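Asker: My structure is in input.tsv, and what it holds is TSV, C-alpha atoms and all ligand atoms:
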```
chain	number	residue	atom	x	y	z
Y	1	MET	CA	128.62	124.09	76.34
Y	2	PRO	CA	127.81	120.78	77.95
Y	3	GLU	CA	124.09	120.20	78.38
Y	4	LEU	CA	122.29	117.79	80.65
Y	5	PRO	CA	123.24	114.58	78.77
Y	6	GLU	CA	126.92	115.52	78.79
Y	7	VAL	CA	126.91	116.40	82.48
Y	8	GLU	CA	124.97	113.21	83.23
Y	9	THR	CA	127.62	111.23	81.33
Y	10	VAL	CA	130.40	112.93	83.32
Y	11	ARG	CA	128.44	112.21	86.51
Y	12	ARG	CA	128.04	108.52	85.72
Y	13	THR	CA	131.67	108.17	84.79
Y	14	LEU	CA	132.96	109.97	87.88
Y	15	ASN	CA	130.56	107.96	90.01
Y	16	THR	CA	132.40	104.80	88.95
Y	17	LEU	CA	135.81	106.37	89.59
Y	18	ILE	CA	135.93	108.45	92.78
Y	19	PRO	CA	133.57	107.16	95.51
Y	20	GLY	CA	135.68	105.73	98.34
Y	21	LYS	CA	138.67	107.90	97.48
Y	22	LYS	CA	139.98	109.99	100.38
Y	23	ILE	CA	141.41	113.46	99.77
Y	24	ASP	CA	144.93	113.87	101.13
Y	25	ARG	CA	145.33	117.47	99.98
Y	26	VAL	CA	144.06	119.88	97.32
Y	27	THR	CA	146.09	122.10	94.98
Y	28	VAL	CA	144.37	125.24	93.67
Y	29	LYS	CA	146.24	126.84	90.77
Y	30	LEU	CA	143.48	129.22	89.67
Y	31	PRO	CA	141.54	130.63	92.68
Y	32	ARG	CA	138.88	132.25	90.47
Y	33	ILE	CA	137.26	128.82	89.94
Y	34	LEU	CA	136.39	128.83	93.67
Y	35	GLN	CA	133.16	130.64	94.53
Y	36	LYS	CA	132.41	129.48	98.08
Y	37	PRO	CA	134.60	129.74	99.99
Y	38	ASP	CA	136.58	131.83	97.52
Y	39	ASP	CA	139.72	131.67	99.65
Y	40	PRO	CA	141.92	128.77	98.43
Y	41	GLY	CA	143.30	128.14	101.93
Y	42	LEU	CA	139.81	127.76	103.42
Y	43	PHE	CA	138.63	125.72	100.44
Y	44	THR	CA	141.44	123.19	100.65
Y	45	ALA	CA	141.37	122.99	104.47
Y	46	ARG	CA	137.67	122.06	104.42
Y	47	LEU	CA	138.23	119.26	101.86
Y	48	GLU	CA	141.34	117.61	103.27
Y	49	GLY	CA	140.67	114.25	104.94
Y	50	ARG	CA	137.21	113.92	103.36
Y	51	THR	CA	136.13	110.92	101.28
Y	52	PHE	CA	133.98	111.11	98.13
Y	53	GLN	CA	130.78	109.11	98.58
Y	54	SER	CA	128.83	109.64	95.37
Y	55	VAL	CA	128.48	111.97	92.42
Y	56	GLU	CA	124.99	113.35	91.84
Y	57	ARG	CA	123.59	116.00	89.50
Y	58	ARG	CA	121.13	118.88	89.65
Y	59	GLY	CA	120.51	120.41	86.23
Y	60	LYS	CA	123.91	121.01	84.70
Y	61	PHE	CA	125.63	121.10	88.09
Y	62	LEU	CA	127.59	118.16	89.46
Y	63	ARG	CA	126.85	117.54	93.13
Y	64	MET	CA	129.85	115.67	94.51
Y	65	VAL	CA	128.92	114.28	97.92
Y	66	LEU	CA	131.67	113.80	100.51
Y	67	ASP	CA	131.38	112.82	104.17
Y	68	GLY	CA	129.99	115.98	105.77
Y	69	LEU	CA	130.41	118.23	102.72
Y	70	VAL	CA	129.01	118.72	99.21
Y	71	LEU	CA	131.05	120.11	96.33
Y	72	VAL	CA	128.81	121.74	93.68
Y	73	SER	CA	130.67	122.09	90.38
Y	74	HIS	CA	129.63	123.63	87.07
Y	75	LEU	CA	131.70	122.86	83.97
Y	76	ARG	CA	130.39	125.91	82.07
Y	77	MET	CA	131.94	126.06	78.58
Y	78	GLU	CA	134.81	123.60	78.64
Y	79	GLY	CA	135.46	122.30	82.14
Y	80	ARG	CA	136.56	118.68	82.37
Y	81	TYR	CA	137.33	116.23	85.11
Y	82	GLY	CA	139.71	113.33	84.80
Y	83	VAL	CA	141.20	110.78	87.17
Y	84	TYR	CA	144.95	110.25	86.75
Y	85	SER	CA	147.86	108.58	88.48
Y	86	GLU	CA	149.94	111.17	90.35
Y	87	ASP	CA	152.90	110.20	88.11
Y	88	GLU	CA	151.18	111.41	84.94
Y	89	PRO	CA	152.23	114.88	83.77
Y	90	VAL	CA	149.73	117.61	84.62
Y	91	GLU	CA	148.27	119.06	81.43
Y	92	PRO	CA	148.11	122.81	80.80
Y	93	HIS	CA	144.94	124.56	82.06
Y	94	THR	CA	144.60	122.17	85.01
Y	95	HIS	CA	143.35	124.48	87.76
Y	96	VAL	CA	142.35	122.31	90.71
Y	97	ILE	CA	143.85	118.94	91.74
Y	98	PHE	CA	142.37	116.70	94.42
Y	99	HIS	CA	145.25	114.45	95.54
Y	100	PHE	CA	143.95	111.15	96.92
Y	101	THR	CA	145.59	108.96	99.55
Y	102	ASP	CA	145.82	106.05	97.05
Y	103	GLY	CA	148.21	107.84	94.69
Y	104	THR	CA	145.59	108.93	92.17
Y	105	GLU	CA	144.30	112.43	91.50
Y	106	LEU	CA	141.07	114.03	90.35
Y	107	ARG	CA	142.08	116.90	88.08
Y	108	TYR	CA	139.87	119.77	86.92
Y	109	LYS	CA	140.92	121.27	83.61
Y	110	ASP	CA	139.23	124.28	82.04
Y	111	VAL	CA	140.70	126.16	79.08
Y	112	ARG	CA	138.07	128.92	79.24
Y	113	GLN	CA	138.25	129.25	83.06
Y	114	PHE	CA	134.48	129.81	83.41
Y	115	GLY	CA	133.81	126.77	85.63
Y	116	THR	CA	132.76	127.17	89.25
Y	117	MET	CA	133.03	125.26	92.55
Y	118	HIS	CA	130.97	125.81	95.70
Y	119	LEU	CA	131.25	123.94	99.03
Y	120	PHE	CA	128.18	123.42	101.23
Y	121	LEU	CA	127.17	121.47	104.30
Y	122	PRO	CA	124.94	118.57	103.16
Y	123	GLY	CA	121.43	119.82	102.33
Y	124	GLU	CA	122.38	123.50	102.40
Y	125	GLU	CA	123.29	123.43	98.72
Y	126	PHE	CA	119.60	123.48	97.78
Y	127	GLN	CA	118.87	126.62	99.85
Y	128	ALA	CA	121.42	128.94	98.25
Y	129	PRO	CA	122.70	129.94	94.82
Y	130	PRO	CA	123.44	128.39	92.41
Y	131	LEU	CA	120.99	125.49	93.00
Y	132	ASN	CA	118.13	127.18	94.87
Y	133	LYS	CA	116.14	128.53	91.93
Y	134	LEU	CA	116.40	125.60	89.54
Y	135	GLY	CA	113.24	124.31	87.85
Y	136	LEU	CA	111.96	120.85	86.90
Y	137	GLU	CA	114.53	118.06	86.56
Y	138	PRO	CA	113.57	116.32	83.29
Y	139	LEU	CA	115.15	112.94	84.03
Y	140	ASP	CA	113.64	112.68	87.54
Y	141	GLU	CA	110.42	110.89	88.50
Y	142	GLY	CA	108.90	114.27	89.43
Y	143	PHE	CA	108.95	115.32	85.77
Y	144	THR	CA	105.40	114.32	84.88
Y	145	LEU	CA	103.21	115.59	82.06
Y	146	ASP	CA	101.14	117.44	84.69
Y	147	ALA	CA	104.18	119.10	86.24
Y	148	PHE	CA	105.38	120.13	82.77
Y	149	LYS	CA	101.96	121.58	81.88
Y	150	LYS	CA	101.90	123.58	85.11
Y	151	ALA	CA	105.40	124.91	84.49
Y	152	ILE	CA	104.80	126.16	80.94
Y	153	GLY	CA	101.04	126.13	80.23
Y	154	LYS	CA	100.17	129.70	81.17
Y	155	ARG	CA	103.35	131.42	80.07
Y	156	THR	CA	103.00	133.89	77.21
Y	157	THR	CA	106.71	133.62	76.33
Y	158	LYS	CA	107.98	132.00	73.14
Y	159	ILE	CA	108.46	128.31	73.80
Y	160	LYS	CA	112.17	128.14	72.95
Y	161	PRO	CA	113.45	130.77	75.41
Y	162	LEU	CA	111.07	129.32	78.00
Y	163	LEU	CA	112.64	125.87	77.65
Y	164	LEU	CA	116.09	127.42	77.93
Y	165	ASN	CA	115.11	129.11	81.22
Y	166	GLN	CA	116.73	127.04	83.99
Y	167	GLU	CA	114.18	128.29	86.52
Y	168	VAL	CA	111.45	126.54	84.50
Y	169	ILE	CA	113.20	123.34	83.46
Y	170	VAL	CA	116.85	122.50	83.96
Y	171	GLY	CA	119.48	121.02	81.73
Y	172	LEU	CA	118.12	121.88	78.30
Y	173	GLY	CA	120.48	123.99	76.23
Y	174	ASN	CA	120.39	125.22	72.66
Y	175	ILE	CA	121.11	121.83	71.06
Y	176	TYR	CA	118.46	119.75	72.82
Y	177	VAL	CA	115.78	122.44	72.72
Y	178	ASP	CA	116.12	122.56	68.92
Y	179	GLU	CA	116.05	118.76	68.78
Y	180	ALA	CA	113.01	118.42	71.07
Y	181	LEU	CA	111.01	121.13	69.24
Y	182	HIS	CA	111.82	119.51	65.88
Y	183	THR	CA	110.79	116.07	67.14
Y	184	ALA	CA	107.55	117.53	68.53
Y	185	GLY	CA	106.90	119.53	65.35
Y	186	ILE	CA	106.59	122.82	67.20
Y	187	HIS	CA	107.96	126.13	65.95
Y	188	PRO	CA	110.31	127.74	68.53
Y	189	GLU	CA	108.47	131.09	68.37
Y	190	ARG	CA	105.04	129.75	69.28
Y	191	ALA	CA	103.81	131.22	72.56
Y	192	ALA	CA	103.72	128.55	75.29
Y	193	ASP	CA	100.13	129.36	76.29
Y	194	GLU	CA	98.94	128.86	72.72
Y	195	LEU	CA	100.18	125.27	72.46
Y	196	LYS	CA	97.40	122.72	72.25
Y	197	PRO	CA	97.25	119.93	74.87
Y	198	LYS	CA	98.37	117.34	72.32
Y	199	GLU	CA	101.33	119.56	71.37
Y	200	ILE	CA	102.40	119.89	75.01
Y	201	ASP	CA	102.08	116.11	75.27
Y	202	ARG	CA	104.28	115.66	72.17
Y	203	LEU	CA	106.82	118.17	73.49
Y	204	TYR	CA	106.95	116.48	76.90
Y	205	HIS	CA	107.72	113.11	75.32
Y	206	ALA	CA	110.14	114.68	72.82
Y	207	ILE	CA	112.14	116.20	75.70
Y	208	LEU	CA	112.27	112.85	77.50
Y	209	ASP	CA	113.16	110.91	74.36
Y	210	THR	CA	115.78	113.39	73.19
Y	211	LEU	CA	117.54	113.58	76.55
Y	212	SER	CA	117.34	109.83	77.20
Y	213	ALA	CA	118.74	109.01	73.77
Y	214	ALA	CA	121.55	111.50	74.29
Y	215	VAL	CA	122.40	110.13	77.74
Y	216	GLU	CA	122.45	106.61	76.31
Y	217	ALA	CA	124.79	107.76	73.53
Y	218	GLY	CA	127.12	109.38	76.04
Y	219	GLY	CA	126.32	113.01	75.40
Y	220	SER	CA	127.03	115.19	72.42
Y	221	SER	CA	130.47	116.33	71.35
Y	222	ILE	CA	129.59	119.37	69.28
Y	223	LYS	CA	132.34	121.57	70.70
Y	224	SER	CA	134.90	119.96	72.92
Y	225	TYR	CA	132.98	117.99	75.45
Y	226	VAL	CA	134.76	114.95	76.84
Y	227	ASN	CA	133.42	112.75	79.62
Y	228	GLY	CA	135.24	111.97	82.87
Y	229	GLN	CA	137.37	109.29	81.21
Y	230	GLY	CA	138.36	111.33	78.19
Y	231	GLU	CA	135.87	109.69	75.85
Y	232	MET	CA	134.08	111.82	73.31
Y	233	GLY	CA	130.31	111.56	73.26
Y	234	LEU	CA	128.57	110.08	70.25
Y	235	PHE	CA	125.25	111.89	70.08
Y	236	GLN	CA	126.38	114.45	67.52
Y	237	HIS	CA	125.87	111.88	64.78
Y	238	ARG	CA	122.20	111.58	65.62
Y	239	LEU	CA	121.14	115.23	65.74
Y	240	ARG	CA	118.17	115.87	63.45
Y	241	ALA	CA	117.90	119.66	63.39
Y	242	TYR	CA	120.73	121.32	65.31
Y	243	GLY	CA	123.70	122.19	63.11
Y	244	ARG	CA	122.08	120.67	59.98
Y	245	THR	CA	121.28	123.92	58.15
Y	246	GLY	CA	120.61	123.19	54.45
Y	247	GLU	CA	120.39	119.43	54.97
Y	248	PRO	CA	117.11	117.57	54.41
Y	249	CYS	CA	114.73	117.01	57.32
Y	250	GLU	CA	114.70	113.29	58.15
Y	251	ILE	CA	110.93	113.35	58.47
Y	252	CYS	CA	109.78	115.25	55.35
Y	253	GLY	CA	112.85	116.09	53.25
Y	254	SER	CA	112.48	119.89	53.46
Y	255	LEU	CA	115.75	121.68	54.07
Y	256	ILE	CA	116.57	122.67	57.66
Y	257	GLU	CA	116.70	126.45	58.09
Y	258	LYS	CA	118.63	128.52	60.60
Y	259	SER	CA	117.29	131.66	62.24
Y	260	VAL	CA	117.74	133.55	65.49
Y	261	VAL	CA	115.21	133.19	68.32
Y	262	GLY	CA	115.77	135.03	71.59
Y	263	GLY	CA	119.33	135.74	70.53
Y	264	ARG	CA	120.17	132.08	69.95
Y	265	GLY	CA	120.91	130.32	66.67
Y	266	THR	CA	117.89	128.13	65.98
Y	267	HIS	CA	117.37	125.26	63.56
Y	268	ILE	CA	113.95	124.26	62.25
Y	269	CYS	CA	112.24	122.33	59.51
Y	270	PRO	CA	109.93	124.88	57.86
Y	271	SER	CA	107.43	122.15	56.95
Y	272	CYS	CA	107.29	120.14	60.18
Y	273	GLN	CA	107.42	123.19	62.46
Y	274	LYS	CA	104.82	125.69	61.28
Y	275	GLY	CA	105.42	129.02	62.92
Y	276	PRO	CA	103.42	131.97	64.11
Y	277	LYS	CA	103.56	135.01	61.85
Y	278	ARG	CA	107.05	136.47	61.84
Y	279	THR	CA	107.70	138.65	64.87
Y	280	ALA	CA	110.03	141.58	65.30
Y	281	ASN	CA	112.50	139.52	67.31
Y	282	SER	CA	113.11	137.00	64.61
Y	283	GLN	CA	114.82	137.05	61.28
Y	284	THR	CA	116.01	134.32	59.03
Y	285	ILE	CA	119.74	134.78	58.65
Y	286	ILE	CA	120.62	131.77	56.55
Y	287	LYS	CA	118.31	130.40	53.94
Y	288	PRO	CA	119.59	127.50	51.90
Y	289	ARG	CA	120.22	128.84	48.39
Y	290	THR	CA	118.56	125.82	46.86
Y	291	HIS	CA	115.21	127.18	48.09
Y	292	ALA	CA	115.50	130.26	45.91
Y	293	VAL	CA	116.53	128.17	42.93
Y	294	LYS	CA	113.60	125.83	43.43
Y	295	ARG	CA	111.16	128.72	43.66
Y	296	ARG	CA	112.43	130.20	40.42
Y	297	LEU	CA	112.10	126.86	38.63
Y	298	ASP	CA	108.62	126.33	39.99
Y	299	GLY	CA	107.22	129.83	39.62
Y	300	GLY	CA	108.91	131.06	36.48
Y	301	THR	CA	107.65	134.62	37.02
Y	302	ARG	CA	111.11	136.16	36.55
U	1	ZN	ZN	110.38	118.24	58.18
```
Here is a file; write its structure as structure tokens.
Answerer:
Amino acid sequence: MPELPEVETVRRTLNTLIPGKKIDRVTVKLPRILQKPDDPGLFTARLEGRTFQSVERRGKFLRMVLDGLVLVSHLRMEGRYGVYSEDEPVEPHTHVIFHFTDGTELRYKDVRQFGTMHLFLPGEEFQAPPLNKLGLEPLDEGFTLDAFKKAIGKRTTKIKPLLLNQEVIVGLGNIYVDEALHTAGIHPERAADELKPKEIDRLYHAILDTLSAAVEAGGSSIKSYVNGQGEMGLFQHRLRAYGRTGEPCEICGSLIEKSVVGGRGTHICPSCQKGPKRTANSQTIIKPRTHAVKRRLDGGTR
């Protein structure tokens, strides 16, 4: 699933491609993508004749601003946008096509069909679902250490599920939460209200650094993410914890372990991220075999 850096990369790319383009007509091949209005006839009628002005982002939602209208779009698992000439063959799984007056097209392709589109009058998009309950925006100026402390400091929840909660902080998914917690040296099952001030400080900067580095690298391409111009992101090569089960931690050399926290696959360094005592919700499902071997060599009790 694309996370904030991927969506930000798509946003930046689209923002260089579609502002100034005027919609001649819209083709909807899969009405289920449309949430508001959900009627394809109404949806297309409202968009025709409008011109894209800019592409913004709120959390993992693209906010595509037109004259007098805002299109809020979520890519979910595998949604992709691309700008094509109208002569180019339409690929399978292309569900919505915005035909521009200049002979180009913005095409929305989505193999899994989970993506969504909502139309709002400008400003109304923040008052209604899906944007109205979103939490702190980590790449905005408003994301200060104080604001972060207020958002998480008194919560008794485990820190990982808390960071995944979009009503607390937006745009962090499984990959970047694991990365940020590893960078900050915090175990994902620590309770948020038990973190020391210096740990919250480290976590705050780890979130900023992790997301900024990923945005600079063009997002991660763990699954099938491609930005608005069909370029794969590069950040996957720089992940330090996520997906590196059994590989050495870059900081201390211990082997990265995988467990399940709050129902999500979770990657930690057992040395850098000291945990609370094991809780009922957590179990280690994959332990690198080399650990057992090492213990036997060291201990020699069997
Ligand atoms: Zn380590």
Asker: Could you give me, as CSV, a per-residue list for chain Y showing, wherever an atom lies at most 6 Å from an atom of ligand ZN 1 (chain U), the closest pair of atoms and their distance in Å to one decimal, using all atoms listed in the file and sorting by chain then residue number from low to high?
Answerer:
```
residue,atom,partner,partner_atom,distance
Y:Cys249,CA,U:ZN1,ZN,4.6
Y:Ile251,CA,U:ZN1,ZN,4.9
Y:Cys252,CA,U:ZN1,ZN,4.2
Y:Gly253,CA,U:ZN1,ZN,5.9
Y:Ser254,CA,U:ZN1,ZN,5.4
Y:Cys269,CA,U:ZN1,ZN,4.7
Y:Ser271,CA,U:ZN1,ZN,5.1
Y:Cys272,CA,U:ZN1,ZN,4.1
```
Asker: Set the distance at 12 Å and use only C-alpha atoms: which residues neighbour range 210-216 of chain Y once local chain neighbours fewer than 4 positions away are removed? I'd like the list as an NGL selection string.
Answerer: :Y and (2-13 or 137-140 or 170-173 or 175-184 or 202-206 or 220-221 or 227 or 233-241)
Asker: With all atoms listed in the file as the basis for distance, which of Y:Ala151, Y:Leu131, Y:Ile268, Y:Leu163 is at the shortest distance from Leu62 in chain Y?
Answerer: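 The closest residue to Leu62 in chain Y is Y:Leu131.
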Asker: So what do you get for CA of Thr94 in chain Y versus CA of Ser73 in chain Y, distance-wise?
Answerer: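 Here the two named atoms are 14.9 Å from each other.
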Asker: Please indicate the distance in Å from CA of Glu124 in chain Y to CA of Gln53 in chain Y, rounded to one decimal place.
Answerer: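 Taking CA of Glu124 in chain Y as the start and CA of Gln53 in chain Y as the end point, the length is 17.1 Å.
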Asker: Find the nearest atom pair between each residue of range 35-79 of chain Y and range 108-113 of chain Y for residues within 7 Å, count all atoms listed in the file, give distances in Å to one decimal, sort rows by chain and ascending number, and present the table as CSV.
Answerer:
```
residue,atom,partner,partner_atom,distance
Y:Met77,CA,Y:Arg112,CA,6.8
Y:Glu78,CA,Y:Asp110,CA,5.6
Y:Gly79,CA,Y:Asp110,CA,4.3
```
Asker: One number please: CA of Ile97 in chain Y to CA of Leu121 in chain Y, in Å, one decimal.
Answerer: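 Computed distance, CA of Ile97 in chain Y to CA of Leu121 in chain Y, equals 21.0 Å.
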Asker: Would you kindly identify which residues have an atom no farther than 9 Å from (145.6, 117.1, 97.0), using all atoms listed in the file and the file's own coordinates, and write them out as JSON, numbers by chain?
Answerer: {"Y": [23, 24, 25, 26, 27, 28, 44, 48, 96, 97, 98, 99, 100, 101, 105, 106]}
Asker: Those same residues, written as an mmCIF file, keeping the file's coordinate frame with C-alpha atoms?
Answerer:
```cif
data_model
loop_
_atom_site.group_PDB
_atom_site.id
_atom_site.type_symbol
_atom_site.label_atom_id
_atom_site.label_comp_id
_atom_site.auth_asym_id
_atom_site.auth_seq_id
_atom_site.Cartn_x
_atom_site.Cartn_y
_atom_site.Cartn_z
ATOM 1 C CA ILE Y 23 141.410 113.460 99.770
ATOM 2 C CA ASP Y 24 144.930 113.870 101.130
ATOM 3 C CA ARG Y 25 145.330 117.470 99.980
ATOM 4 C CA VAL Y 26 144.060 119.880 97.320
ATOM 5 C CA THR Y 27 146.090 122.100 94.980
ATOM 6 C CA VAL Y 28 144.370 125.240 93.670
ATOM 7 C CA THR Y 44 141.440 123.190 100.650
ATOM 8 C CA GLU Y 48 141.340 117.610 103.270
ATOM 9 C CA VAL Y 96 142.350 122.310 90.710
ATOM 10 C CA ILE Y 97 143.850 118.940 91.740
ATOM 11 C CA PHE Y 98 142.370 116.700 94.420
ATOM 12 C CA HIS Y 99 145.250 114.450 95.540
ATOM 13 C CA PHE Y 100 143.950 111.150 96.920
ATOM 14 C CA THR Y 101 145.590 108.960 99.550
ATOM 15 C CA GLU Y 105 144.300 112.430 91.500
ATOM 16 C CA LEU Y 106 141.070 114.030 90.350
#
```
Asker: Of the residues Y:Asp102, Y:Asp39, Y:Glu199, Y:Glu125, which is the one nearest to Leu69 in chain Y, using all atoms listed in the file?
Answerer: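 Using all atoms listed in the file, Leu69 in chain Y sits closest to Y:Glu125.
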Asker: Between Y:Ile169, Y:Val83, Y:Ala45, Y:Ala191, single out the one closest to Phe143 in chain Y, counting only C-alpha atoms.
Answerer: Y:Ile169
